[in-house]
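Content type compact mmCIF, C-alpha atoms and all ligand atoms, from the file start_24.txt:
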```
# COMPACT_ATOMS: atom_id res chain seq x y z
CA MET A 1 -18.60 9.82 20.66
CA GLN A 2 -20.19 11.57 23.57
CA SER A 3 -17.92 13.99 25.43
CA TRP A 4 -18.51 14.89 29.08
CA PRO A 5 -20.30 17.89 30.67
CA ALA A 6 -18.43 21.17 31.08
CA ALA A 7 -18.07 22.86 34.44
CA ASP A 8 -19.09 26.53 34.41
CA VAL A 9 -16.22 28.94 33.90
CA PRO A 10 -16.81 32.34 35.54
CA GLN A 11 -16.10 35.37 33.36
CA LEU A 12 -13.29 37.45 34.85
CA PRO A 13 -12.71 41.18 34.36
CA PRO A 14 -10.47 41.67 31.30
CA PRO A 15 -6.79 42.49 31.86
CA PRO A 16 -5.95 46.22 31.69
CA VAL A 17 -3.83 45.50 28.59
CA PRO A 18 -4.16 42.43 26.34
CA MET A 19 -1.78 39.65 27.34
CA THR A 20 0.01 37.07 25.22
CA LEU A 21 0.16 33.40 26.14
CA SER A 22 3.49 31.66 25.59
CA VAL A 23 4.05 27.93 25.81
CA HIS A 24 7.06 25.68 25.48
CA ASP A 25 7.27 24.13 22.03
CA THR A 26 9.08 20.80 21.85
CA ALA A 27 10.06 21.26 18.18
CA THR A 28 12.00 24.48 18.77
CA ASN A 29 12.76 23.73 22.42
CA GLY A 30 11.76 27.24 23.42
CA LEU A 31 8.85 29.45 24.38
CA VAL A 32 6.56 30.47 21.55
CA PRO A 33 3.66 32.92 21.66
CA VAL A 34 0.32 31.31 20.80
CA GLU A 35 -1.87 33.72 18.92
CA PRO A 36 -4.81 31.86 17.39
CA ALA A 37 -5.98 33.21 14.05
CA ALA A 38 -9.39 34.94 13.99
CA GLY A 39 -9.99 34.41 17.67
CA THR A 40 -10.41 30.64 17.43
CA ALA A 41 -7.83 28.40 19.03
CA ARG A 42 -7.36 24.93 17.52
CA LEU A 43 -6.21 22.25 19.91
CA TYR A 44 -5.68 18.54 19.42
CA VAL A 45 -4.85 16.46 22.48
CA CYS A 46 -4.18 12.75 22.20
CA GLY A 47 -6.76 10.81 24.17
CA ILE A 48 -6.63 7.58 26.13
CA THR A 49 -6.31 4.01 24.98
CA PRO A 50 -9.17 2.78 27.13
CA TYR A 51 -7.99 -0.37 28.85
CA ASP A 52 -6.99 0.93 32.28
CA ALA A 53 -8.33 4.42 32.90
CA THR A 54 -7.82 6.90 34.57
CA HIS A 55 -4.50 6.99 36.39
CA LEU A 56 -2.86 10.09 37.80
CA GLY A 57 -0.53 10.37 34.81
CA HIS A 58 -3.55 10.72 32.53
CA ALA A 59 -5.14 13.17 34.96
CA ALA A 60 -1.99 15.33 35.04
CA THR A 61 -1.72 15.45 31.26
CA TYR A 62 -5.38 16.37 30.69
CA LEU A 63 -5.13 18.92 33.48
CA THR A 64 -2.25 20.60 31.61
CA PHE A 65 -4.44 21.09 28.57
CA ASP A 66 -7.40 22.10 30.71
CA SER A 67 -5.18 24.94 31.99
CA LEU A 68 -4.37 25.91 28.42
CA VAL A 69 -8.05 25.98 27.47
CA ARG A 70 -8.86 28.08 30.54
CA VAL A 71 -6.21 30.66 29.57
CA TRP A 72 -7.49 30.81 25.99
CA LYS A 73 -11.03 31.33 27.29
CA ASP A 74 -9.71 34.02 29.62
CA GLN A 75 -8.34 35.77 26.52
CA GLY A 76 -11.82 35.62 25.01
CA HIS A 77 -10.96 33.01 22.38
CA GLU A 78 -13.26 30.32 21.19
CA VAL A 79 -11.55 26.95 21.54
CA LEU A 80 -11.99 24.17 19.00
CA TYR A 81 -10.67 21.20 20.92
CA VAL A 82 -10.48 17.69 19.51
CA GLN A 83 -9.50 14.61 21.46
CA ASN A 84 -9.47 11.01 20.25
CA VAL A 85 -10.04 7.68 21.94
CA THR A 86 -7.85 4.86 20.66
CA ASP A 87 -10.69 2.40 21.08
CA ILE A 88 -9.08 -0.33 19.00
CA ASP A 89 -5.42 -1.23 19.38
CA ASP A 90 -3.26 -4.18 20.45
CA PRO A 91 -3.36 -3.39 24.21
CA LEU A 92 -7.17 -3.57 24.21
CA LEU A 93 -7.15 -6.94 22.47
CA GLU A 94 -4.52 -8.24 24.89
CA ARG A 95 -6.47 -7.03 27.93
CA ALA A 96 -9.74 -8.48 26.60
CA ALA A 97 -8.05 -11.86 25.95
CA ARG A 98 -6.45 -11.85 29.42
CA ASP A 99 -9.76 -11.13 31.14
CA GLY A 100 -11.96 -13.24 28.87
CA VAL A 101 -14.16 -10.30 27.88
CA ARG A 102 -15.00 -8.54 24.60
CA TRP A 103 -12.57 -5.77 23.60
CA GLU A 104 -15.55 -3.53 22.81
CA ASP A 105 -16.78 -3.87 26.36
CA VAL A 106 -13.37 -3.01 27.82
CA ALA A 107 -13.28 0.13 25.65
CA LEU A 108 -16.81 1.19 26.56
CA ARG A 109 -16.33 0.62 30.27
CA GLU A 110 -12.98 2.40 30.53
CA THR A 111 -14.06 5.33 28.35
CA GLU A 112 -17.10 5.80 30.58
CA LEU A 113 -14.91 5.74 33.67
CA PHE A 114 -12.59 8.30 32.05
CA ARG A 115 -15.56 10.59 31.32
CA SER A 116 -16.77 10.42 34.90
CA ASP A 117 -13.26 11.06 36.28
CA MET A 118 -12.79 14.04 33.94
CA THR A 119 -16.19 15.41 35.00
CA ALA A 120 -15.36 15.05 38.69
CA LEU A 121 -12.00 16.75 38.16
CA ARG A 122 -13.75 19.62 36.30
CA ILE A 123 -11.52 19.13 33.30
CA LEU A 124 -13.11 21.02 30.42
CA PRO A 125 -14.28 18.64 27.70
CA PRO A 126 -13.19 18.65 24.05
CA THR A 127 -15.66 20.06 21.54
CA SER A 128 -15.23 16.84 19.51
CA TYR A 129 -14.50 13.54 21.20
CA VAL A 130 -13.81 10.96 18.51
CA GLY A 131 -13.19 7.22 18.69
CA ALA A 132 -10.92 5.45 16.21
CA VAL A 133 -13.70 2.96 15.45
CA GLU A 134 -16.19 5.67 14.47
CA ALA A 135 -13.48 7.39 12.39
CA MET A 136 -12.51 4.22 10.49
CA ASP A 137 -13.65 5.45 7.05
CA GLU A 138 -11.87 8.79 7.28
CA ILE A 139 -8.68 7.13 8.51
CA ALA A 140 -8.75 4.69 5.58
CA GLN A 141 -9.34 7.62 3.20
CA LEU A 142 -6.22 9.35 4.48
CA VAL A 143 -4.21 6.17 3.97
CA VAL A 144 -5.52 5.98 0.38
CA ARG A 145 -4.48 9.59 -0.15
CA LEU A 146 -0.97 8.87 1.14
CA GLN A 147 -0.82 5.92 -1.26
CA GLU A 148 -1.91 8.12 -4.17
CA LEU A 149 0.81 10.60 -3.27
CA GLY A 150 3.41 7.83 -3.44
CA ALA A 151 4.15 8.02 0.28
CA ALA A 152 2.97 4.52 1.15
CA TYR A 153 3.96 0.96 0.21
CA SER A 154 2.97 -2.55 1.05
CA VAL A 155 4.75 -5.16 3.16
CA ASP A 156 2.96 -8.53 2.91
CA GLY A 157 -0.33 -6.71 2.38
CA ASP A 158 0.13 -4.25 5.27
CA VAL A 159 0.50 -0.59 4.29
CA TYR A 160 3.43 1.48 5.54
CA PHE A 161 4.15 5.21 5.52
CA SER A 162 7.47 6.16 4.01
CA VAL A 163 9.22 8.71 6.24
CA SER A 164 11.39 9.75 3.30
CA ALA A 165 8.28 11.37 1.74
CA SER A 166 8.32 13.98 4.49
CA GLU A 167 10.75 16.86 4.22
CA HIS A 168 10.54 17.65 7.92
CA PHE A 169 10.55 14.19 9.49
CA GLY A 170 12.60 14.45 12.69
CA ALA A 171 11.91 18.15 13.28
CA ILE A 172 9.72 17.66 16.35
CA GLY A 173 11.75 15.33 18.52
CA ASN A 174 15.15 16.40 17.11
CA LEU A 175 16.50 12.98 18.02
CA ASP A 176 19.37 11.02 16.54
CA VAL A 177 18.56 7.91 14.51
CA GLU A 178 19.70 5.51 17.21
CA THR A 179 17.35 7.07 19.76
CA MET A 180 14.49 7.10 17.26
CA LEU A 181 15.02 3.41 16.56
CA ALA A 182 15.06 2.55 20.25
CA LEU A 183 11.92 4.59 21.02
CA SER A 184 10.13 3.19 18.01
CA ALA A 185 10.75 -0.38 19.23
CA GLU A 186 9.68 0.56 22.75
CA ARG A 187 6.52 2.44 21.76
CA GLY A 188 4.55 0.26 19.40
CA GLY A 189 6.72 0.46 16.26
CA ASP A 190 8.34 -2.43 14.39
CA PRO A 191 11.77 -1.21 13.23
CA ASP A 192 13.00 -4.77 12.69
CA ARG A 193 10.21 -5.99 10.42
CA PRO A 194 11.76 -7.31 7.20
CA GLY A 195 10.65 -5.67 3.95
CA LYS A 196 10.44 -2.11 5.21
CA LYS A 197 12.25 0.58 3.22
CA ASP A 198 13.29 2.44 6.35
CA PRO A 199 13.09 0.90 9.84
CA LEU A 200 11.33 4.07 11.05
CA ASP A 201 8.51 3.76 8.48
CA CYS A 202 5.25 3.21 10.35
CA LEU A 203 2.17 1.13 9.85
CA LEU A 204 -0.78 2.87 8.20
CA TRP A 205 -3.11 -0.08 7.69
CA MET A 206 -2.80 -3.63 8.96
CA GLN A 207 -4.65 -6.46 7.23
CA GLN A 208 -6.98 -8.35 9.53
CA ARG A 209 -5.22 -11.02 11.59
CA PRO A 210 -6.94 -14.27 12.55
CA GLY A 211 -9.11 -13.79 15.62
CA GLU A 212 -8.83 -10.01 15.47
CA PRO A 213 -11.41 -7.43 14.38
CA GLY A 214 -11.20 -5.79 10.96
CA TRP A 215 -13.02 -3.07 9.06
CA GLU A 216 -13.71 -3.14 5.32
CA SER A 217 -11.88 -0.48 3.36
CA PRO A 218 -10.35 0.16 -0.07
CA LEU A 219 -7.12 -1.11 1.54
CA GLY A 220 -8.66 -4.45 2.42
CA THR A 221 -10.30 -5.54 5.65
CA GLY A 222 -8.13 -4.52 8.56
CA ARG A 223 -7.43 -1.75 11.02
CA PRO A 224 -5.28 1.38 11.10
CA GLY A 225 -1.89 2.02 12.59
CA TRP A 226 -1.79 4.31 15.59
CA HIS A 227 -0.32 7.58 14.29
CA VAL A 228 -2.58 7.95 11.25
CA GLU A 229 -5.63 7.71 13.52
CA CYS A 230 -4.73 11.04 15.15
CA THR A 231 -3.59 12.60 11.87
CA ALA A 232 -6.95 11.92 10.21
CA ILE A 233 -9.11 12.88 13.18
CA ALA A 234 -7.20 16.15 13.62
CA LEU A 235 -7.01 17.16 9.94
CA ASN A 236 -10.70 16.55 9.31
CA ARG A 237 -11.87 18.67 12.22
CA LEU A 238 -9.21 21.33 12.70
CA GLY A 239 -7.75 21.80 9.21
CA SER A 240 -4.13 21.62 8.16
CA THR A 241 -2.68 23.81 10.95
CA LEU A 242 -3.30 23.37 14.65
CA ASP A 243 -2.32 25.96 17.22
CA VAL A 244 -1.27 23.26 19.67
CA GLN A 245 -0.89 19.51 19.53
CA GLY A 246 -0.61 18.12 23.01
CA GLY A 247 0.00 15.01 25.02
CA GLY A 248 2.42 13.50 27.48
CA SER A 249 6.14 13.59 26.71
CA ASP A 250 6.08 9.88 25.86
CA LEU A 251 4.20 10.85 22.68
CA VAL A 252 6.91 13.12 21.23
CA PHE A 253 8.45 10.24 19.35
CA PRO A 254 7.27 8.36 17.39
CA HIS A 255 3.63 9.41 17.74
CA HIS A 256 3.68 13.16 17.20
CA GLU A 257 6.66 13.01 14.87
CA LEU A 258 4.91 10.53 12.56
CA SER A 259 1.48 12.20 12.78
CA ALA A 260 3.05 15.48 11.71
CA ALA A 261 5.02 13.85 8.89
CA GLU A 262 1.86 12.16 7.55
CA ALA A 263 -0.08 15.44 7.76
CA GLU A 264 2.72 17.30 5.98
CA VAL A 265 2.70 14.85 3.09
CA ALA A 266 -1.11 14.73 2.88
CA THR A 267 -1.65 18.51 2.93
CA GLY A 268 1.63 20.00 1.73
CA VAL A 269 1.47 22.31 4.75
CA TRP A 270 4.12 22.63 7.47
CA PRO A 271 4.07 22.92 10.44
CA PHE A 272 1.16 20.67 11.38
CA ALA A 273 1.05 22.39 14.78
CA ARG A 274 2.41 25.82 15.66
CA ALA A 275 3.41 24.44 19.03
CA TYR A 276 3.92 20.91 20.34
CA VAL A 277 3.22 20.97 24.04
CA HIS A 278 4.20 18.00 26.18
CA SER A 279 3.39 17.29 29.77
CA GLY A 280 6.02 15.50 31.89
CA MET A 281 5.56 11.97 33.16
CA ILE A 282 4.04 11.27 36.55
CA GLY A 283 5.97 8.59 38.35
CA LEU A 284 5.51 6.43 41.38
CA ASP A 285 8.46 5.08 43.38
CA GLY A 286 10.94 6.16 40.72
CA GLU A 287 9.14 4.62 37.71
CA LYS A 288 6.84 6.19 35.11
CA MET A 289 3.24 5.44 36.07
CA SER A 290 2.06 3.17 33.28
CA LYS A 291 -0.36 0.45 32.47
CA SER A 292 2.40 -1.82 31.31
CA LEU A 293 4.32 -1.45 34.59
CA GLY A 294 1.11 -1.74 36.60
CA ASN A 295 2.18 0.89 39.18
CA LEU A 296 -0.99 2.88 38.84
CA VAL A 297 -2.84 5.18 41.19
CA PHE A 298 -6.38 5.57 39.90
CA VAL A 299 -8.35 8.80 40.09
CA SER A 300 -11.55 6.87 40.78
CA ALA A 301 -9.94 5.05 43.72
CA LEU A 302 -8.77 8.31 45.29
CA LEU A 303 -12.18 9.91 44.79
CA ALA A 304 -13.93 6.85 46.22
CA ALA A 305 -11.66 7.10 49.28
CA GLY A 306 -12.99 10.63 49.84
CA THR A 307 -10.27 12.75 48.21
CA GLU A 308 -11.74 16.02 47.04
CA PRO A 309 -11.31 16.61 43.31
CA GLY A 310 -10.12 20.17 44.05
CA ALA A 311 -7.34 18.83 46.28
CA LEU A 312 -6.28 16.41 43.56
CA ARG A 313 -6.10 19.27 41.08
CA LEU A 314 -4.04 21.36 43.50
CA ALA A 315 -1.67 18.46 44.19
CA LEU A 316 -1.01 18.06 40.46
CA LEU A 317 -0.84 21.83 39.83
CA SER A 318 1.70 22.31 42.62
CA SER A 319 4.52 21.28 40.28
CA HIS A 320 5.17 22.57 36.76
CA TYR A 321 3.57 20.56 33.96
CA ARG A 322 6.77 20.15 31.98
CA GLY A 323 8.77 18.31 34.60
CA ASP A 324 8.69 14.59 35.26
CA ARG A 325 7.15 14.36 38.73
CA GLU A 326 6.71 11.83 41.47
CA TRP A 327 3.27 11.29 42.94
CA THR A 328 3.41 11.21 46.73
CA ALA A 329 0.81 11.01 49.47
CA ASP A 330 2.51 14.08 50.99
CA ALA A 331 1.68 16.16 47.92
CA LEU A 332 -1.98 15.30 48.42
CA THR A 333 -1.87 16.11 52.14
CA ALA A 334 -0.25 19.47 51.38
CA ALA A 335 -2.91 20.18 48.74
CA GLU A 336 -5.69 19.42 51.22
CA ALA A 337 -4.15 21.90 53.68
CA ARG A 338 -3.83 24.48 50.91
CA LEU A 339 -7.46 24.04 49.89
CA ALA A 340 -8.55 24.58 53.52
CA ALA A 341 -6.37 27.72 53.78
CA TRP A 342 -7.82 29.10 50.55
CA ARG A 343 -11.36 28.43 51.76
CA ALA A 344 -10.60 30.28 55.00
CA GLY A 345 -9.06 33.11 52.93
CA ILE A 346 -12.14 33.71 50.80
CA ARG A 347 -14.49 33.50 53.80
CA ARG A 348 -12.96 36.73 55.18
CA SER A 349 -14.88 39.99 54.78
CA SER A 350 -11.89 41.62 53.07
CA GLY A 351 -8.38 40.86 51.90
CA PRO A 352 -5.46 42.22 49.87
CA ALA A 353 -6.34 43.83 46.55
CA GLY A 354 -8.17 41.40 44.26
CA PRO A 355 -7.13 42.85 40.86
CA GLU A 356 -3.47 42.46 41.84
CA LEU A 357 -4.01 38.82 42.68
CA LEU A 358 -5.78 38.30 39.36
CA GLY A 359 -2.84 39.96 37.57
CA ALA A 360 -0.34 37.73 39.38
CA VAL A 361 -2.24 34.54 38.54
CA ARG A 362 -2.55 35.62 34.91
CA ASN A 363 1.14 36.53 34.69
CA ALA A 364 2.01 33.07 35.98
CA LEU A 365 -0.30 31.07 33.73
CA TYR A 366 0.30 33.11 30.57
CA ALA A 367 4.01 32.32 30.95
CA ASP A 368 4.01 28.62 29.98
CA LEU A 369 1.20 27.68 32.39
CA ASP A 370 3.29 28.23 35.49
CA SER A 371 0.82 26.76 37.95
CA PRO A 372 3.22 26.65 40.96
CA ALA A 373 3.64 30.44 40.65
CA ALA A 374 -0.13 30.86 40.33
CA LEU A 375 -0.70 28.79 43.47
CA ALA A 376 1.96 30.78 45.33
CA ALA A 377 0.17 34.03 44.40
CA VAL A 378 -3.09 32.75 45.91
CA ASP A 379 -1.20 31.52 49.00
CA ALA A 380 0.27 35.02 49.43
CA TRP A 381 -3.14 36.65 49.05
CA CYS A 382 -4.59 34.31 51.71
CA ALA A 383 -1.68 35.02 54.06
CA GLY A 384 -1.94 38.79 53.64
CA ASP A 385 -4.32 41.38 55.09
CA GLY A 386 -6.08 44.19 53.28
CA ASP A 387 -9.22 46.23 53.09
CA ASP A 388 -10.51 45.22 49.67
CA ASN A 389 -14.07 44.07 50.45
CA ALA A 390 -14.62 42.79 46.94
CA SER A 391 -11.47 40.69 46.80
CA PRO A 392 -12.64 37.46 48.54
CA ALA A 393 -15.42 36.99 45.96
CA LEU A 394 -13.09 37.88 43.08
CA VAL A 395 -10.39 35.50 44.29
CA ALA A 396 -12.92 32.66 44.47
CA GLN A 397 -13.81 33.39 40.83
CA VAL A 398 -10.18 33.56 39.77
CA VAL A 399 -9.45 30.20 41.39
CA ASP A 400 -12.52 28.71 39.76
CA ALA A 401 -11.99 30.16 36.26
CA LEU A 402 -8.23 29.76 35.91
CA LEU A 403 -7.37 26.88 38.24
CA GLY A 404 -10.66 25.00 37.98
CA VAL A 405 -11.07 24.67 41.74
CA ALA A 406 -14.44 25.42 43.34
CA LEU A 407 -13.84 26.91 46.77
N1 LIG A 501 -4.22 6.78 22.81
C1 LIG A 501 -2.86 7.19 22.84
C2 LIG A 501 -2.66 8.58 22.32
S1 LIG A 501 -3.35 8.79 20.71
C3 LIG A 501 -2.27 7.08 24.25
O1 LIG A 501 -1.11 7.39 24.41
N2 LIG A 501 -3.09 6.66 25.20
S2 LIG A 501 -2.65 6.45 26.74
O2 LIG A 501 -3.84 6.03 27.43
O3 LIG A 501 -1.52 5.60 26.83
O4 LIG A 501 -2.22 7.85 27.28
C4 LIG A 501 -3.13 8.93 27.28
C5 LIG A 501 -2.37 10.23 27.59
O5 LIG A 501 -1.83 10.16 28.91
C6 LIG A 501 -1.19 10.48 26.65
O6 LIG A 501 -1.10 11.87 26.37
C7 LIG A 501 0.00 10.06 27.48
O7 LIG A 501 1.17 10.77 27.10
C8 LIG A 501 -0.44 10.44 28.87
N3 LIG A 501 0.22 9.63 29.91
C9 LIG A 501 0.31 8.29 30.00
N4 LIG A 501 1.03 7.93 31.09
C10 LIG A 501 1.39 9.09 31.72
C11 LIG A 501 2.15 9.41 32.91
N5 LIG A 501 2.64 8.47 33.68
N6 LIG A 501 2.30 10.72 33.23
C12 LIG A 501 1.79 11.70 32.46
N7 LIG A 501 1.07 11.46 31.34
C13 LIG A 501 0.87 10.18 30.97
ZN ZN A 502 -2.62 10.50 19.40
```
Output the structure of this file as structure tokens.
Amino acid sequence: MQSWPAADVPQLPPPPVPMTLSVHDTATNGLVPVEPAAGTARLYVCGITPYDATHLGHAATYLTFDSLVRVWKDQGHEVLYVQNVTDIDDPLLERAARDGVRWEDVALRETELFRSDMTALRILPPTSYVGAVEAMDEIAQLVVRLQELGAAYSVDGDVYFSVSASEHFGAIGNLDVETMLALSAERGGDPDRPGKKDPLDCLLWMQQRPGEPGWESPLGTGRPGWHVECTAIALNRLGSTLDVQGGGSDLVFPHHELSAAEAEVATGVWPFARAYVHSGMIGLDGEKMSKSLGNLVFVSALLAAGTEPGALRLALLSSHYRGDREWTADALTAAEARLAAWRAGIRRSSGPAGPELLGAVRNALYADLDSPAALAAVDAWCAGDGDDNASPALVAQVVDALLGVAL
């Protein structure tokens, strides 16, 4: 699938001493250093299910991983970044039926809108952008492999993954069984389906249902379950160990737990990802912003109303990625004022020392992508006086390269 164009990233002067990036890992619930092997960072971020793109929750999550990519690039790493598009799944079929349109057209239209929103927001694109439909054969092959390994079984012709085949199942979310059961029911699982060996076992391949699309495969004509889509797409492009698997915190369980368990069984390698990084949920009026609740604020609507992409980035970056956050009009107004102050700051003929500002922004972002601290450092530079003639130009580059905002 076609990705979207990359904004230029200015090259910054290297830090006086090499710096280590640490991120919060959900599995160990602590900070872990990320040190990609051989200078290449491997990142998998779960992509959209294209039936109602792009709301501010999506934007916040992809902005988190954009920040991660920018830090890796700052370290001089190459970044192999894979993102999927769940371009066939129940929600797409439901939306298409509701609106009397073809599911393929919903997927195409919403994916295109997502690409244009990501481009406008200067979110760096993945190196591979892969749809479930185009990956159908490789997904089916992984299901066959899991069957051959004795980790899959059939329920009325549908194929299920057996969580008992994984030694480490549960090690990412660290949740008790009751919570796992509740989240599974809430997030696309079917814990109550009769015939399953364990209620937490997940669907790998579903036989074609009347009136639904299906793809021919050695498993019969049908379509894949959700988790195995990401497992296959990640394994085939990034190998058995990722540096980071990312997404919003609503993907911790069951999605990332089950993807990792399937990968573990298929490859014999653990962990699937060295760090599981999760972005908090963006809410509106006290509820998670979600398609199913319908309380969405769309990026395209804000941009069409004249909001500057840079202000939108600053509004989202003004709170830490890990926290659940409320979207408010005030946050956007404050970001617009900040953007204006920064523009005034870099239009000066001199300012406080530029290298110090760069160091402060790096210190903030290398410590679990602390964007509020990075923004505060730029605020302080703008508010201060100094005789560094080179600093306004350097600060503009720092803000562009590390925060993705063109001043
Ligand atoms: N296609 C799957 C992942 S394989 C999926 O979850 N799609 S999605 O369209 O529902 O979400 C895309 C990404 O946005 C996921 O990482 C999800 O965690 C994140 N996301 C969804 N809603 C919010 C929200 N309100 N706040 C922050 N992130 C969100
Ligand atoms: Zn996924």
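Counting from CA of Ala334 in chain A, the distance to CA of His320 in chain A is 15.9 Å.
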Pairwise distance for CA of Arg209 in chain A and CA of Asp90 in chain A, rounded to one decimal in Å:
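Separation between CA of Arg209 in chain A and CA of Asp90 in chain A: 11.4 Å.
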When the cut-off is 7 Å and you count all atoms listed in the file, which residues lie near ligand LIG 501 (chain A), shown as a PyMOL selection string?
chain A and resi 46-50+56-58+60-61+84-86+226+230+247-251+279-283+288-290
So that I can see what lies close to Gly404 in chain A, please list as a VMD selection string the residues with an atom at most 10 Å from it, counting only C-alpha atoms and leaving out residues fewer than 5 positions away in the same chain.
chain A and resid 7 to 10 63 66 to 67 70 121 to 124 309 to 310 313 to 314 397 to 399
For a quick check of understanding, using all atoms listed in the file, which of A:Arg347, A:Pro199, A:Arg98, A:Tyr321 has the smallest distance to Ala182 in chain A?
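So, comparing all the options, the nearest one is A:Pro199.
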Which residues, written as a ChimeraX atom specification, have at least one atom at most 12 Å from Leu80 in chain A, with all atoms listed in the file counted and residues fewer than 6 positions away on the same chain left out?
/A:36-37,39-45,69,72-73,124-129,234,237-239,242-244
